[in-house]
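Text of start_39.pdb, listed as PDB, C-alpha atoms and all ligand atoms:
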ATOM      1  CA  MET A   1       6.428  -6.946 -18.974
ATOM      2  CA  SER A   2      10.041  -7.914 -18.327
ATOM      3  CA  GLY A   3      11.037  -4.473 -19.644
ATOM      4  CA  ARG A   4       9.475  -2.834 -16.582
ATOM      5  CA  ALA A   5      12.327  -1.299 -14.636
ATOM      6  CA  VAL A   6      10.660  -0.121 -11.464
ATOM      7  CA  ARG A   7      12.100   0.048  -7.984
ATOM      8  CA  LYS A   8      10.528  -2.442  -5.643
ATOM      9  CA  ILE A   9       8.634  -0.941  -2.758
ATOM     10  CA  ILE A  10       8.009  -2.218   0.752
ATOM     11  CA  ALA A  11       5.243  -0.348   2.570
ATOM     12  CA  ALA A  12       4.743  -0.861   6.302
ATOM     13  CA  ASN A  13       1.159  -0.499   7.501
ATOM     14  CA  TRP A  14       1.341  -0.149  11.249
ATOM     15  CA  LYS A  15      -2.444   0.059  11.578
ATOM     16  CA  MET A  16      -3.515   1.187  15.094
ATOM     17  CA  ASN A  17      -0.154   0.464  16.731
ATOM     18  CA  LYS A  18       2.655   2.519  18.259
ATOM     19  CA  THR A  19       2.845   5.686  20.295
ATOM     20  CA  VAL A  20       4.981   8.592  19.128
ATOM     21  CA  ALA A  21       7.809   7.403  21.383
ATOM     22  CA  GLU A  22       7.590   3.875  19.975
ATOM     23  CA  ALA A  23       7.528   5.157  16.401
ATOM     24  CA  LEU A  24      10.663   7.240  16.977
ATOM     25  CA  ALA A  25      12.461   4.347  18.648
ATOM     26  CA  PHE A  26      11.561   2.164  15.667
ATOM     27  CA  ALA A  27      12.978   4.764  13.263
ATOM     28  CA  ASP A  28      16.289   4.869  15.106
ATOM     29  CA  GLU A  29      16.595   1.093  15.324
ATOM     30  CA  PHE A  30      15.572   0.571  11.713
ATOM     31  CA  ALA A  31      18.019   3.210  10.456
ATOM     32  CA  ALA A  32      20.820   1.225  12.079
ATOM     33  CA  LEU A  33      19.754  -1.915  10.194
ATOM     34  CA  TRP A  34      19.025  -0.434   6.764
ATOM     35  CA  SER A  35      21.718   0.782   4.419
ATOM     36  CA  GLY A  36      19.363   2.592   2.062
ATOM     37  CA  GLN A  37      21.644   1.496  -0.757
ATOM     38  CA  GLY A  38      19.731  -1.588  -1.895
ATOM     39  CA  GLY A  39      17.426   0.143  -4.355
ATOM     40  CA  VAL A  40      14.198  -0.748  -2.519
ATOM     41  CA  GLU A  41      11.832   2.079  -1.542
ATOM     42  CA  VAL A  42      10.581   1.823   2.033
ATOM     43  CA  VAL A  43       7.418   3.631   3.142
ATOM     44  CA  ILE A  44       6.361   3.682   6.803
ATOM     45  CA  CYS A  45       2.662   4.301   7.469
ATOM     46  CA  PRO A  46       2.164   5.077  11.184
ATOM     47  CA  PRO A  47      -1.055   6.248  12.861
ATOM     48  CA  PHE A  48      -1.906   9.934  12.269
ATOM     49  CA  THR A  49      -0.568  10.987  15.660
ATOM     50  CA  ALA A  50       2.966   9.819  14.825
ATOM     51  CA  LEU A  51       3.119  11.214  11.273
ATOM     52  CA  TYR A  52       4.674  14.582  11.969
ATOM     53  CA  PRO A  53       7.269  13.579  14.568
ATOM     54  CA  LEU A  54       8.221  10.509  12.584
ATOM     55  CA  GLY A  55       8.468  12.614   9.418
ATOM     56  CA  GLN A  56      10.834  14.961  11.224
ATOM     57  CA  ARG A  57      12.939  12.046  12.421
ATOM     58  CA  LEU A  58      13.050  10.471   8.940
ATOM     59  CA  GLN A  59      14.241  13.625   7.177
ATOM     60  CA  GLY A  60      17.349  12.884   5.175
ATOM     61  CA  SER A  61      17.105   9.148   5.912
ATOM     62  CA  GLY A  62      15.736   8.131   2.515
ATOM     63  CA  LEU A  63      12.781   6.449   4.222
ATOM     64  CA  LEU A  64       9.369   7.612   3.021
ATOM     65  CA  LEU A  65       6.297   8.386   5.088
ATOM     66  CA  GLY A  66       2.701   7.403   4.380
ATOM     67  CA  ALA A  67      -0.674   7.855   6.063
ATOM     68  CA  GLN A  68      -3.253   5.097   6.497
ATOM     69  CA  ASP A  69      -6.267   7.100   5.328
ATOM     70  CA  LEU A  70      -7.430  10.592   4.316
ATOM     71  CA  PHE A  71     -10.697  12.440   3.818
ATOM     72  CA  TRP A  72     -11.953  13.364   0.347
ATOM     73  CA  GLU A  73     -12.972  16.968   1.022
ATOM     74  CA  GLU A  74     -10.338  19.649   0.745
ATOM     75  CA  ARG A  75     -10.927  21.198   4.205
ATOM     76  CA  GLY A  76     -13.749  22.354   6.465
ATOM     77  CA  ALA A  77     -16.321  21.162   8.986
ATOM     78  CA  PHE A  78     -15.654  17.403   8.999
ATOM     79  CA  THR A  79     -15.044  16.534  12.626
ATOM     80  CA  GLY A  80     -12.475  13.824  13.126
ATOM     81  CA  GLU A  81     -11.260  13.753   9.533
ATOM     82  CA  VAL A  82      -7.793  14.568   8.197
ATOM     83  CA  ALA A  83      -7.184  16.337   4.879
ATOM     84  CA  ALA A  84      -4.641  15.504   2.197
ATOM     85  CA  PHE A  85      -2.827  18.829   2.521
ATOM     86  CA  MET A  86      -2.374  18.156   6.247
ATOM     87  CA  LEU A  87      -0.774  14.805   5.461
ATOM     88  CA  ARG A  88       1.541  16.488   2.980
ATOM     89  CA  GLU A  89       2.507  19.119   5.529
ATOM     90  CA  ALA A  90       3.208  16.412   8.112
ATOM     91  CA  GLY A  91       5.698  14.910   5.681
ATOM     92  CA  ALA A  92       3.678  12.126   4.035
ATOM     93  CA  SER A  93       4.227  11.319   0.371
ATOM     94  CA  HIS A  94       1.981   8.230   0.313
ATOM     95  CA  VAL A  95      -1.465   7.330   1.632
ATOM     96  CA  ILE A  96      -3.262   3.989   1.902
ATOM     97  CA  VAL A  97      -6.756   4.168   0.397
ATOM     98  CA  GLY A  98      -9.582   1.639   0.732
ATOM     99  CA  HIS A  99      -7.890  -0.812   3.092
ATOM    100  CA  SER A 100     -10.176  -3.798   3.668
ATOM    101  CA  GLU A 101     -10.319  -3.066   7.400
ATOM    102  CA  ARG A 102     -11.882   0.284   6.525
ATOM    103  CA  ARG A 103     -14.154  -1.228   3.892
ATOM    104  CA  HIS A 104     -15.361  -4.098   6.096
ATOM    105  CA  LEU A 105     -15.128  -2.806   9.688
ATOM    106  CA  LEU A 106     -15.988   0.840   9.058
ATOM    107  CA  GLY A 107     -18.326   0.558   6.099
ATOM    108  CA  GLU A 108     -16.226   2.454   3.602
ATOM    109  CA  SER A 109     -17.971   2.226   0.218
ATOM    110  CA  ASP A 110     -16.572   2.072  -3.313
ATOM    111  CA  ALA A 111     -17.761   5.671  -3.763
ATOM    112  CA  ASP A 112     -15.860   6.782  -0.645
ATOM    113  CA  VAL A 113     -12.750   5.014  -1.907
ATOM    114  CA  ARG A 114     -13.062   6.728  -5.293
ATOM    115  CA  ARG A 115     -13.384  10.182  -3.725
ATOM    116  CA  LYS A 116     -10.403   9.564  -1.453
ATOM    117  CA  LEU A 117      -8.303   8.273  -4.323
ATOM    118  CA  GLN A 118      -9.096  11.292  -6.455
ATOM    119  CA  ARG A 119      -8.314  13.688  -3.630
ATOM    120  CA  ALA A 120      -4.982  11.972  -2.978
ATOM    121  CA  LEU A 121      -4.000  12.186  -6.647
ATOM    122  CA  GLN A 122      -5.172  15.795  -6.899
ATOM    123  CA  GLU A 123      -3.066  16.815  -3.924
ATOM    124  CA  GLY A 124       0.093  15.134  -5.171
ATOM    125  CA  LEU A 125       0.114  12.139  -2.829
ATOM    126  CA  TYR A 126       0.940   8.605  -3.968
ATOM    127  CA  PRO A 127      -2.194   6.576  -3.145
ATOM    128  CA  ILE A 128      -1.818   2.881  -2.327
ATOM    129  CA  LEU A 129      -5.230   1.603  -3.400
ATOM    130  CA  CYS A 130      -6.140  -1.667  -1.670
ATOM    131  CA  VAL A 131      -8.303  -4.267  -3.399
ATOM    132  CA  GLY A 132      -9.024  -7.889  -2.546
ATOM    133  CA  GLU A 133     -11.678 -10.546  -2.219
ATOM    134  CA  THR A 134     -13.090 -12.234   0.894
ATOM    135  CA  LEU A 135     -12.849 -15.994   1.452
ATOM    136  CA  PRO A 136     -16.452 -16.723   0.376
ATOM    137  CA  GLN A 137     -15.848 -14.665  -2.754
ATOM    138  CA  ARG A 138     -12.683 -16.644  -3.547
ATOM    139  CA  GLU A 139     -14.381 -19.957  -2.834
ATOM    140  CA  GLY A 140     -17.274 -18.880  -5.033
ATOM    141  CA  GLY A 141     -14.905 -18.253  -7.936
ATOM    142  CA  GLU A 142     -15.549 -14.510  -7.825
ATOM    143  CA  ALA A 143     -12.112 -13.239  -6.826
ATOM    144  CA  GLU A 144     -11.173 -11.745 -10.194
ATOM    145  CA  ALA A 145     -14.582 -10.178 -10.748
ATOM    146  CA  VAL A 146     -14.547  -8.604  -7.262
ATOM    147  CA  VAL A 147     -11.058  -7.172  -7.647
ATOM    148  CA  CYS A 148     -11.782  -5.798 -11.125
ATOM    149  CA  ALA A 149     -15.041  -4.253  -9.916
ATOM    150  CA  GLN A 150     -13.199  -2.562  -7.029
ATOM    151  CA  LEU A 151     -10.634  -1.186  -9.482
ATOM    152  CA  ARG A 152     -13.287   0.074 -11.892
ATOM    153  CA  ALA A 153     -15.237   1.725  -9.091
ATOM    154  CA  ALA A 154     -12.162   3.388  -7.622
ATOM    155  CA  LEU A 155     -10.780   4.668 -10.919
ATOM    156  CA  GLN A 156     -13.996   5.935 -12.423
ATOM    157  CA  GLY A 157     -13.287   9.498 -13.528
ATOM    158  CA  CYS A 158      -9.606   9.146 -12.650
ATOM    159  CA  PRO A 159      -7.140  11.415 -14.453
ATOM    160  CA  PRO A 160      -5.842   9.539 -17.534
ATOM    161  CA  SER A 161      -2.199   9.313 -16.484
ATOM    162  CA  PRO A 162      -2.037   8.110 -12.877
ATOM    163  CA  ALA A 163       1.721   7.519 -12.797
ATOM    164  CA  ARG A 164       1.549   8.050  -9.057
ATOM    165  CA  LEU A 165      -0.936   5.262  -8.386
ATOM    166  CA  LEU A 166      -0.036   2.046  -6.566
ATOM    167  CA  VAL A 167      -2.440  -0.871  -6.213
ATOM    168  CA  ALA A 168      -2.097  -3.388  -3.379
ATOM    169  CA  TYR A 169      -3.724  -6.768  -3.894
ATOM    170  CA  GLU A 170      -4.677  -7.806  -0.375
ATOM    171  CA  PRO A 171      -6.939 -10.858  -0.216
ATOM    172  CA  VAL A 172      -9.026 -10.288   2.907
ATOM    173  CA  TRP A 173      -8.605 -13.891   4.070
ATOM    174  CA  ALA A 174      -4.822 -13.469   4.088
ATOM    175  CA  ILE A 175      -4.721 -10.349   6.251
ATOM    176  CA  GLY A 176      -3.512 -10.976   9.769
ATOM    177  CA  THR A 177      -4.274 -14.690   9.492
ATOM    178  CA  GLY A 178      -0.837 -16.167   8.828
ATOM    179  CA  ARG A 179      -2.378 -17.662   5.688
ATOM    180  CA  ASN A 180      -0.576 -15.907   2.836
ATOM    181  CA  ALA A 181      -1.704 -16.321  -0.766
ATOM    182  CA  GLU A 182       0.218 -18.741  -2.953
ATOM    183  CA  PRO A 183       2.732 -16.657  -4.936
ATOM    184  CA  ALA A 184       1.362 -18.173  -8.161
ATOM    185  CA  ASP A 185      -2.157 -16.994  -7.248
ATOM    186  CA  ALA A 186      -0.862 -13.538  -6.329
ATOM    187  CA  ARG A 187       1.010 -13.406  -9.640
ATOM    188  CA  HIS A 188      -2.131 -14.370 -11.514
ATOM    189  CA  MET A 189      -4.073 -11.621  -9.760
ATOM    190  CA  ALA A 190      -1.322  -9.087 -10.467
ATOM    191  CA  LEU A 191      -1.726  -9.888 -14.176
ATOM    192  CA  VAL A 192      -5.507  -9.580 -13.926
ATOM    193  CA  ILE A 193      -5.109  -6.222 -12.167
ATOM    194  CA  ARG A 194      -2.696  -4.928 -14.763
ATOM    195  CA  ARG A 195      -4.947  -6.026 -17.612
ATOM    196  CA  GLU A 196      -7.875  -4.223 -15.987
ATOM    197  CA  LEU A 197      -5.752  -1.128 -15.381
ATOM    198  CA  GLU A 198      -4.698  -1.064 -19.021
ATOM    199  CA  SER A 199      -8.282  -1.357 -20.152
ATOM    200  CA  LEU A 200      -9.286   1.489 -17.825
ATOM    201  CA  LEU A 201      -6.307   3.791 -18.277
ATOM    202  CA  GLY A 202      -4.739   2.805 -21.563
ATOM    203  CA  ARG A 203      -0.996   2.452 -21.731
ATOM    204  CA  ALA A 204      -0.516   4.437 -18.513
ATOM    205  CA  GLY A 205      -1.999   1.420 -16.753
ATOM    206  CA  ALA A 206       1.250  -0.452 -17.307
ATOM    207  CA  GLU A 207       3.077   2.082 -15.134
ATOM    208  CA  VAL A 208       0.939   1.507 -12.058
ATOM    209  CA  ARG A 209       2.881  -0.414  -9.431
ATOM    210  CA  VAL A 210       1.176  -3.514  -8.055
ATOM    211  CA  LEU A 211       1.978  -4.811  -4.556
ATOM    212  CA  TYR A 212       0.931  -7.914  -2.624
ATOM    213  CA  GLY A 213      -0.261  -7.767   0.982
ATOM    214  CA  GLY A 214      -1.488 -10.393   3.437
ATOM    215  CA  SER A 215       0.618 -12.261   6.035
ATOM    216  CA  VAL A 216       3.908 -11.229   4.405
ATOM    217  CA  THR A 217       6.949 -12.236   6.487
ATOM    218  CA  PRO A 218      10.719 -12.297   5.969
ATOM    219  CA  ASP A 219      10.362 -15.974   5.055
ATOM    220  CA  ASN A 220       7.799 -15.589   2.295
ATOM    221  CA  VAL A 221       8.343 -12.073   0.923
ATOM    222  CA  ALA A 222      10.809 -13.025  -1.818
ATOM    223  CA  GLY A 223       8.171 -15.323  -3.320
ATOM    224  CA  TYR A 224       6.246 -12.159  -4.206
ATOM    225  CA  THR A 225       8.789  -9.405  -4.614
ATOM    226  CA  GLY A 226      11.134 -11.658  -6.612
ATOM    227  CA  MET A 227       8.708 -11.822  -9.524
ATOM    228  CA  VAL A 228       8.702  -9.234 -12.288
ATOM    229  CA  GLU A 229       4.906  -8.923 -12.157
ATOM    230  CA  MET A 230       4.975  -7.764  -8.520
ATOM    231  CA  ASP A 231       6.445  -4.404  -7.613
ATOM    232  CA  GLY A 232       6.530  -4.850  -3.862
ATOM    233  CA  ALA A 233       4.613  -5.683  -0.700
ATOM    234  CA  LEU A 234       2.331  -4.011   1.827
ATOM    235  CA  VAL A 235       3.185  -5.459   5.221
ATOM    236  CA  GLY A 236       1.151  -5.332   8.425
ATOM    237  CA  GLY A 237       2.149  -7.357  11.496
ATOM    238  CA  ALA A 238       5.656  -8.184  10.313
ATOM    239  CA  SER A 239       6.461  -4.480   9.862
ATOM    240  CA  LEU A 240       6.081  -3.667  13.560
ATOM    241  CA  ARG A 241       9.552  -4.831  14.596
ATOM    242  CA  PRO A 242      12.598  -3.135  13.040
ATOM    243  CA  GLU A 243      14.546  -6.402  12.564
ATOM    244  CA  SER A 244      11.595  -8.024  10.846
ATOM    245  CA  LEU A 245      10.991  -5.101   8.462
ATOM    246  CA  ALA A 246      14.725  -4.842   7.745
ATOM    247  CA  ALA A 247      14.791  -8.569   6.905
ATOM    248  CA  ILE A 248      11.825  -8.128   4.552
ATOM    249  CA  VAL A 249      13.614  -5.282   2.773
ATOM    250  CA  ARG A 250      16.873  -7.245   2.591
ATOM    251  CA  ARG A 251      15.158 -10.336   1.140
ATOM    252  CA  THR A 252      13.496  -8.120  -1.454
ATOM    253  CA  GLU A 253      16.839  -6.591  -2.398
ATOM    254  CA  GLU A 254      18.374 -10.058  -2.724
ATOM    255  CA  ALA A 255      15.427 -11.355  -4.760
ATOM    256  CA  GLY A 256      15.824  -8.382  -7.108
ATOM    257  CA  HIS A 257      19.468  -9.207  -7.668
ATOM    258  CA  ALA A 258      18.611 -12.827  -8.381
ATOM    259  CA  THR A 259      16.159 -12.051 -11.236
TER     260      THR A 259
HETATM  261  P1  LIG A 301      -0.669  -8.515   7.763
HETATM  262  O1  LIG A 301       0.676  -8.400   7.086
HETATM  263  O2  LIG A 301      -0.615  -8.358   9.230
HETATM  264  O3  LIG A 301      -1.401  -9.726   7.288
HETATM  265  O4  LIG A 301      -1.524  -7.253   7.239
HETATM  266  C1  LIG A 301      -1.567  -6.990   5.886
HETATM  267  C2  LIG A 301      -2.200  -5.672   5.675
HETATM  268  O5  LIG A 301      -3.356  -5.483   5.923
HETATM  269  C3  LIG A 301      -1.339  -4.595   5.168
HETATM  270  O6  LIG A 301      -2.102  -3.487   4.802
END
How does this structure look as structure tokens?
Amino acid sequence: MSGRAVRKIIAANWKMNKTVAEALAFADEFAALWSGQGGVEVVICPPFTALYPLGQRLQGSGLLLGAQDLFWEERGAFTGEVAAFMLREAGASHVIVGHSERRHLLGESDADVRRKLQRALQEGLYPILCVGETLPQREGGEAEAVVCAQLRAALQGCPPSPARLLVAYEPVWAIGTGRNAEPADARHMALVIRRELESLLGRAGAEVRVLYGGSVTPDNVAGYTGMVEMDGALVGGASLRPESLAAIVRRTEEAGHAT
């Protein structure tokens, strides 16, 4: 495990926030705060409407662009949906798949998540697959079983070498609540996830990057990104202000140097 030499990644999930003008202003302010030399990959995931203009603004900056969702069909009569090739054309390299807000608020099923994941991989995007248990599931001692079942369902029929896959462990009770998981618990789940990935995908499973998400802030991020088992963080609320995201990236860079 300690031989894994992967770049840490900080992904910003803006959810349903920011106009195009606000997204562009963020990009300019963040660029002034971020050297790009620290070895941490930064992916900004704005709403669909800001993808293309933000992608244009980010060209040559070293910052990466991600979408928050995609549809599983290639193209056609699917009113309101957005296809993977459209995301690529808009400049996205990454896409969040199966976020708990989509699973729980919008009824996205394991089968939907699997189809979206496969489409993303097929079309050359880097999917950030979100998994995580609810509070009753954790309190009932089911957290590991739930997370492993979500992984199995999502990866069923997956190509055998998903070097492009990222998995974000986002306990539902930690999202937007200010109640982040204990780093030791997140570490334990990262190990459980990796073990499940290796059983599903063979040795390629070890290459999948595992992130933590849920009430990450500049003050607590190093507790996660400083450990070898965790390859980065998926950040919601604290990614909306440039200074806050820049501090999260800086703390991750410093934590990497310390290990
Ligand atoms: P918060 O960082 O606001 O808790 O959101 C986490 C999240 O859902 C990232 O995808």
Legend entry - Output of the PyMOL selection byres (((not hetatm)) within 9 of (chain A and resi 301)), listed as a VMD selection string: chain A and resid 11 to 15 68 96 99 to 101 130 168 170 to 180 212 to 217 233 to 239
Output for the residues just chosen: C-alpha atoms as a short mmCIF file (atom, residue, chain, number, x, y, z; two decimals), keeping the file's coordinate frame:
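The resulting file, result_15.cif, is shown below:
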data_model
loop_
_atom_site.label_atom_id
_atom_site.label_comp_id
_atom_site.auth_asym_id
_atom_site.auth_seq_id
_atom_site.Cartn_x
_atom_site.Cartn_y
_atom_site.Cartn_z
CA ALA A 11 5.24 -0.35 2.57
CA ALA A 12 4.74 -0.86 6.30
CA ASN A 13 1.16 -0.50 7.50
CA TRP A 14 1.34 -0.15 11.25
CA LYS A 15 -2.44 0.06 11.58
CA GLN A 68 -3.25 5.10 6.50
CA ILE A 96 -3.26 3.99 1.90
CA HIS A 99 -7.89 -0.81 3.09
CA SER A 100 -10.18 -3.80 3.67
CA GLU A 101 -10.32 -3.07 7.40
CA CYS A 130 -6.14 -1.67 -1.67
CA ALA A 168 -2.10 -3.39 -3.38
CA GLU A 170 -4.68 -7.81 -0.38
CA PRO A 171 -6.94 -10.86 -0.22
CA VAL A 172 -9.03 -10.29 2.91
CA TRP A 173 -8.60 -13.89 4.07
CA ALA A 174 -4.82 -13.47 4.09
CA ILE A 175 -4.72 -10.35 6.25
CA GLY A 176 -3.51 -10.98 9.77
CA THR A 177 -4.27 -14.69 9.49
CA GLY A 178 -0.84 -16.17 8.83
CA ARG A 179 -2.38 -17.66 5.69
CA ASN A 180 -0.58 -15.91 2.84
CA TYR A 212 0.93 -7.91 -2.62
CA GLY A 213 -0.26 -7.77 0.98
CA GLY A 214 -1.49 -10.39 3.44
CA SER A 215 0.62 -12.26 6.04
CA VAL A 216 3.91 -11.23 4.40
CA THR A 217 6.95 -12.24 6.49
CA ALA A 233 4.61 -5.68 -0.70
CA LEU A 234 2.33 -4.01 1.83
CA VAL A 235 3.18 -5.46 5.22
CA GLY A 236 1.15 -5.33 8.43
CA GLY A 237 2.15 -7.36 11.50
CA ALA A 238 5.66 -8.18 10.31
CA SER A 239 6.46 -4.48 9.86
#
Inset, instruction - For the structure provided, state which residues fall under the PyMOL selection byres (((chain A and resi 56) around 12) and not hetatm), and present them as a list in words. - result: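 So the PyMOL selection byres (((chain A and resi 56) around 12) and not hetatm), applied here, picks out Val20, Ala23, Leu24, Ala27, Ala50, Leu51, Tyr52, Pro53, Leu54, Gly55, Arg57, Leu58, Gln59, Gly60, Ser61, Leu63, Leu64, Leu65, Glu89, Ala90, Gly91 and Ala92 of chain A.
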Legend entry - Exercise: range 249-253 of chain A partners within 10 Å, only C-alpha atoms, chain neighbours under 3 positions left out, as an MDAnalysis selection string: chainID A and resid 7:11 33:42 217:226 232:233 243:246 256:258
Legend entry - Contacts of Arg195 in chain A at 12 Å (only C-alpha atoms; same-chain gap of 2+ positions) as a VMD selection string: chain A and resid 1 144 147 to 148 151 to 152 188 to 193 197 to 208 210 229
Inset, instruction - Pick out the closest residue to Asp112 in chain A from this set: A:Val228, A:Leu165, A:Leu155, A:Met16. Count only C-alpha atoms. - result: A:Leu155
Inset, instruction - Mind giving me the straight-line distance from CA of Val97 in chain A to CA of Phe26 in chain A in Å, one decimal? - result: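 Answer for the CA of Val97 in chain A to CA of Phe26 in chain A separation: 23.9 Å.
Only residues having an atom at most 9 Å from (4.5, 13.1, -3.6) are included; using all atoms listed in the file, these are Arg88, Ala92, Ser93, His94, Glu123, Gly124, Leu125, Tyr126 and Arg164 of chain A.
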Inset, instruction - Point out the residue among A:Met230, A:Leu211, A:Asn17, A:Gln122 with the least atom-to-atom distance to Ser161 in chain A, counting all atoms listed in the file. - result: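 Comparing A:Met230, A:Leu211, A:Asn17, A:Gln122 against Ser161 in chain A, the winner is A:Gln122.
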Run the PyMOL selection byres (((chain A and resi 110) around 7) and not hetatm) mentally over the shown coordinates, then write out the matched residues as an mmCIF file with C-alpha atoms, in the frame of the given file, using the chain letters and numbers from the document.
data_model
loop_
_atom_site.group_PDB
_atom_site.id
_atom_site.type_symbol
_atom_site.label_atom_id
_atom_site.label_comp_id
_atom_site.auth_asym_id
_atom_site.auth_seq_id
_atom_site.Cartn_x
_atom_site.Cartn_y
_atom_site.Cartn_z
ATOM 1 C CA GLU A 108 -16.226 2.454 3.602
ATOM 2 C CA SER A 109 -17.971 2.226 0.218
ATOM 3 C CA ALA A 111 -17.761 5.671 -3.763
ATOM 4 C CA ASP A 112 -15.860 6.782 -0.645
ATOM 5 C CA VAL A 113 -12.750 5.014 -1.907
ATOM 6 C CA ARG A 114 -13.062 6.728 -5.293
ATOM 7 C CA GLN A 150 -13.199 -2.562 -7.029
ATOM 8 C CA ALA A 153 -15.237 1.725 -9.091
ATOM 9 C CA ALA A 154 -12.162 3.388 -7.622
#
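Distance-wise, CA of Arg241 in chain A and CA of Pro46 in chain A end up 12.8 Å apart.
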Legend entry - Å distance separating CA of Glu254 in chain A from CA of Val6 in chain A, one decimal place: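 Spanning CA of Glu254 in chain A to CA of Val6 in chain A is a straight-line distance of 15.3 Å.
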Legend entry - Nearest to Gln156 in chain A by atom-to-atom distance, counting all atoms listed in the file, from A:Gln137, A:Thr49, A:Gln118, A:Thr79: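 Answer, going by the shortest atom-to-atom distance: A:Gln118.
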Legend entry - Residue nearest Phe30 in chain A among A:Leu106, A:Arg115, A:Ala247, A:Arg209 (counting only C-alpha atoms): A:Ala247
Inset, instruction - Find the residue from A:Ala120, A:Leu240, A:Ala84, A:Val131 that sits nearest to Arg102 in chain A; use only C-alpha atoms when measuring. - result: A:Val131
Give the padded box for range 123-130 of chain A as AutoDock Vina command-line options: axis-aligned, covering all atoms listed in the file, 5 Å on each side, centre and edge lengths in Å to one decimal.
--center_x -2.6 --center_y 7.6 --center_z -3.4 --size_x 17.1 --size_y 28.5 --size_z 13.5
Legend entry - Residue among A:Leu129, A:Ala32, A:Ala181, A:Ala186 lying closest to Leu166 in chain A, counting all atoms listed in the file: A:Leu129
